[in-house]
Every structure is written in structure tokens, then in C-alpha cells.
Amino acid sequence: MPASEATLYSIPASHPCAAVEAALGRKAIGYRRVDLLPLSQLVIGPLRWGGTTVPGLRIGPERLVGSRTIMR
């Protein structure tokens, strides 16, 4: 995986996650999606993207949490 590849951590059927996916697609930003089981983000999140909510995005060393922050 290249260091600049984006990884989106999401929960299926989450509206904020779907909004981020639409924004990434509109901007033609390539990403890899990792689907999580509900509530697993509480344990995995702080280690992977620095938060306990989804969506979480990791681009190289940069970690972003929340749909508004990611879309900005």
C-alpha cells in the first residue's frame, strides 16, 4: 500500500460514511474502504484513525475523524 493511499473506516449503512464516500468519489480521490462491525470502532478507532466515531480516514500519517472534518 502506498503511503499516500487513503483508507476510509466506516460502518455499512452509516449516513455520514456514505456522505464521505460520495465526496471522495466526486473529488476523484482514491481510497480503500474498511467496513467495521457496529461498536468495534470504540476499540479499533483510537489505534487506527484517532477517534471513536466513524467515518475515520487515514492518509499516510494524517488521521481525520468525522464527516465534516474529512470533507473540509
# chains A, B, ... in the order shown; residues from 1 in each chain; ligands from 1
>>> select_by_dssp(residues="chain A", states="strand (DSSP E)", output="VMD selection string")
chain A and resid 6 to 10 31 to 35 56 to 59 62 to 65
>>> residues_around(residues="Ile70 (chain A)", least_positions_apart="6", cutoff="9 Å", atoms="only C-alpha atoms", output="list in words")
Val20, Pro55, Gly56, Leu57 and Leu64 of chain A
>>> closest_residue(among="A:Val43, A:Leu36, A:Ala23, A:Val65", to="Ile11 (chain A)", atoms="only C-alpha atoms")
A:Leu36
>>> atom_distance(atom1="CA of Ala19 (chain A)", atom2="CA of Pro61 (chain A)")
22.9 Å
>>> residues_around(residues="Glu21 (chain A)", least_positions_apart="6", cutoff="10 Å", atoms="only C-alpha atoms", output="PDB file with N, CA and C atoms, in the first residue's frame")
ATOM      1  N   LEU A   8     -10.509   4.548   4.341  1.00  0.00           N
ATOM      2  CA  LEU A   8     -11.731   5.020   4.974  1.00  0.00           C
ATOM      3  C   LEU A   8     -12.285   3.913   5.856  1.00  0.00           C
ATOM      4  N   SER A  10     -15.372   2.684   8.021  1.00  0.00           N
ATOM      5  CA  SER A  10     -16.795   3.003   8.078  1.00  0.00           C
ATOM      6  C   SER A  10     -17.609   1.819   8.568  1.00  0.00           C
ATOM      7  N   HIS A  15     -24.985   6.961   7.423  1.00  0.00           N
ATOM      8  CA  HIS A  15     -25.172   8.114   6.539  1.00  0.00           C
ATOM      9  C   HIS A  15     -23.939   9.009   6.465  1.00  0.00           C
ATOM     10  N   LYS A  27     -14.504  14.102  -5.800  1.00  0.00           N
ATOM     11  CA  LYS A  27     -13.181  14.709  -5.939  1.00  0.00           C
ATOM     12  C   LYS A  27     -12.162  13.773  -6.586  1.00  0.00           C
ATOM     13  N   ILE A  29     -10.761  11.080  -5.454  1.00  0.00           N
ATOM     14  CA  ILE A  29      -9.705  10.687  -4.519  1.00  0.00           C
ATOM     15  C   ILE A  29      -9.828   9.176  -4.313  1.00  0.00           C
ATOM     16  N   TYR A  31      -9.400   5.606  -2.614  1.00  0.00           N
ATOM     17  CA  TYR A  31      -9.374   5.175  -1.215  1.00  0.00           C
ATOM     18  C   TYR A  31      -9.696   3.690  -1.139  1.00  0.00           C
ATOM     19  N   ARG A  33     -11.742   1.072   1.383  1.00  0.00           N
ATOM     20  CA  ARG A  33     -12.770   1.092   2.431  1.00  0.00           C
ATOM     21  C   ARG A  33     -12.610  -0.120   3.332  1.00  0.00           C
ATOM     22  N   PRO A  55     -17.233   8.297  10.241  1.00  0.00           N
ATOM     23  CA  PRO A  55     -16.106   7.780   9.494  1.00  0.00           C
ATOM     24  C   PRO A  55     -14.772   8.277  10.036  1.00  0.00           C
ATOM     25  N   SER A  67     -17.271  13.243   9.443  1.00  0.00           N
ATOM     26  CA  SER A  67     -17.560  13.564   8.045  1.00  0.00           C
ATOM     27  C   SER A  67     -17.248  15.020   7.695  1.00  0.00           C
ATOM     28  N   MET A  71     -14.471  16.020   4.889  1.00  0.00           N
ATOM     29  CA  MET A  71     -14.896  16.721   3.666  1.00  0.00           C
ATOM     30  C   MET A  71     -14.249  18.096   3.531  1.00  0.00           C
TER      31      MET A  71
END
>>> residues_around(residues="Arg58 (chain A)", least_positions_apart="5", cutoff="12 Å", atoms="only C-alpha atoms", output="number ranges by chain")
A: 3-10, 31-34, 45-51, 63-66, 70
>>> decode(residues="region 51-62 of chain A", atoms="N, CA and C atoms", output="PDB file, in the first residue's frame")
ATOM      1  N   GLY A  51      -9.890   8.287  16.737  1.00  0.00           N
ATOM      2  CA  GLY A  51     -11.187   8.665  17.292  1.00  0.00           C
ATOM      3  C   GLY A  51     -12.021   7.436  17.586  1.00  0.00           C
ATOM      4  N   THR A  52     -13.212   7.667  18.141  1.00  0.00           N
ATOM      5  CA  THR A  52     -14.095   6.540  18.459  1.00  0.00           C
ATOM      6  C   THR A  52     -15.376   6.579  17.638  1.00  0.00           C
ATOM      7  N   THR A  53     -15.462   7.498  16.688  1.00  0.00           N
ATOM      8  CA  THR A  53     -16.633   7.567  15.821  1.00  0.00           C
ATOM      9  C   THR A  53     -16.214   7.321  14.379  1.00  0.00           C
ATOM     10  N   VAL A  54     -17.183   6.960  13.544  1.00  0.00           N
ATOM     11  CA  VAL A  54     -16.941   6.797  12.112  1.00  0.00           C
ATOM     12  C   VAL A  54     -17.686   7.901  11.378  1.00  0.00           C
ATOM     13  N   PRO A  55     -17.233   8.297  10.241  1.00  0.00           N
ATOM     14  CA  PRO A  55     -16.106   7.780   9.494  1.00  0.00           C
ATOM     15  C   PRO A  55     -14.772   8.277  10.036  1.00  0.00           C
ATOM     16  N   GLY A  56     -13.767   7.451   9.803  1.00  0.00           N
ATOM     17  CA  GLY A  56     -12.392   7.818  10.105  1.00  0.00           C
ATOM     18  C   GLY A  56     -11.583   7.650   8.829  1.00  0.00           C
ATOM     19  N   LEU A  57     -10.647   8.550   8.596  1.00  0.00           N
ATOM     20  CA  LEU A  57      -9.855   8.490   7.367  1.00  0.00           C
ATOM     21  C   LEU A  57      -8.388   8.613   7.723  1.00  0.00           C
ATOM     22  N   ARG A  58      -7.606   7.787   7.080  1.00  0.00           N
ATOM     23  CA  ARG A  58      -6.161   7.834   7.287  1.00  0.00           C
ATOM     24  C   ARG A  58      -5.496   7.979   5.927  1.00  0.00           C
ATOM     25  N   ILE A  59      -4.690   9.027   5.779  1.00  0.00           N
ATOM     26  CA  ILE A  59      -3.921   9.253   4.556  1.00  0.00           C
ATOM     27  C   ILE A  59      -2.469   9.376   4.994  1.00  0.00           C
ATOM     28  N   GLY A  60      -1.721   8.305   4.788  1.00  0.00           N
ATOM     29  CA  GLY A  60      -0.344   8.277   5.282  1.00  0.00           C
ATOM     30  C   GLY A  60      -0.354   8.455   6.791  1.00  0.00           C
ATOM     31  N   PRO A  61       0.411   9.417   7.322  1.00  0.00           N
ATOM     32  CA  PRO A  61       0.433   9.626   8.770  1.00  0.00           C
ATOM     33  C   PRO A  61      -0.732  10.483   9.276  1.00  0.00           C
ATOM     34  N   GLU A  62      -1.454  11.139   8.367  1.00  0.00           N
ATOM     35  CA  GLU A  62      -2.545  12.035   8.772  1.00  0.00           C
ATOM     36  C   GLU A  62      -3.801  11.233   9.092  1.00  0.00           C
TER      37      GLU A  62
END
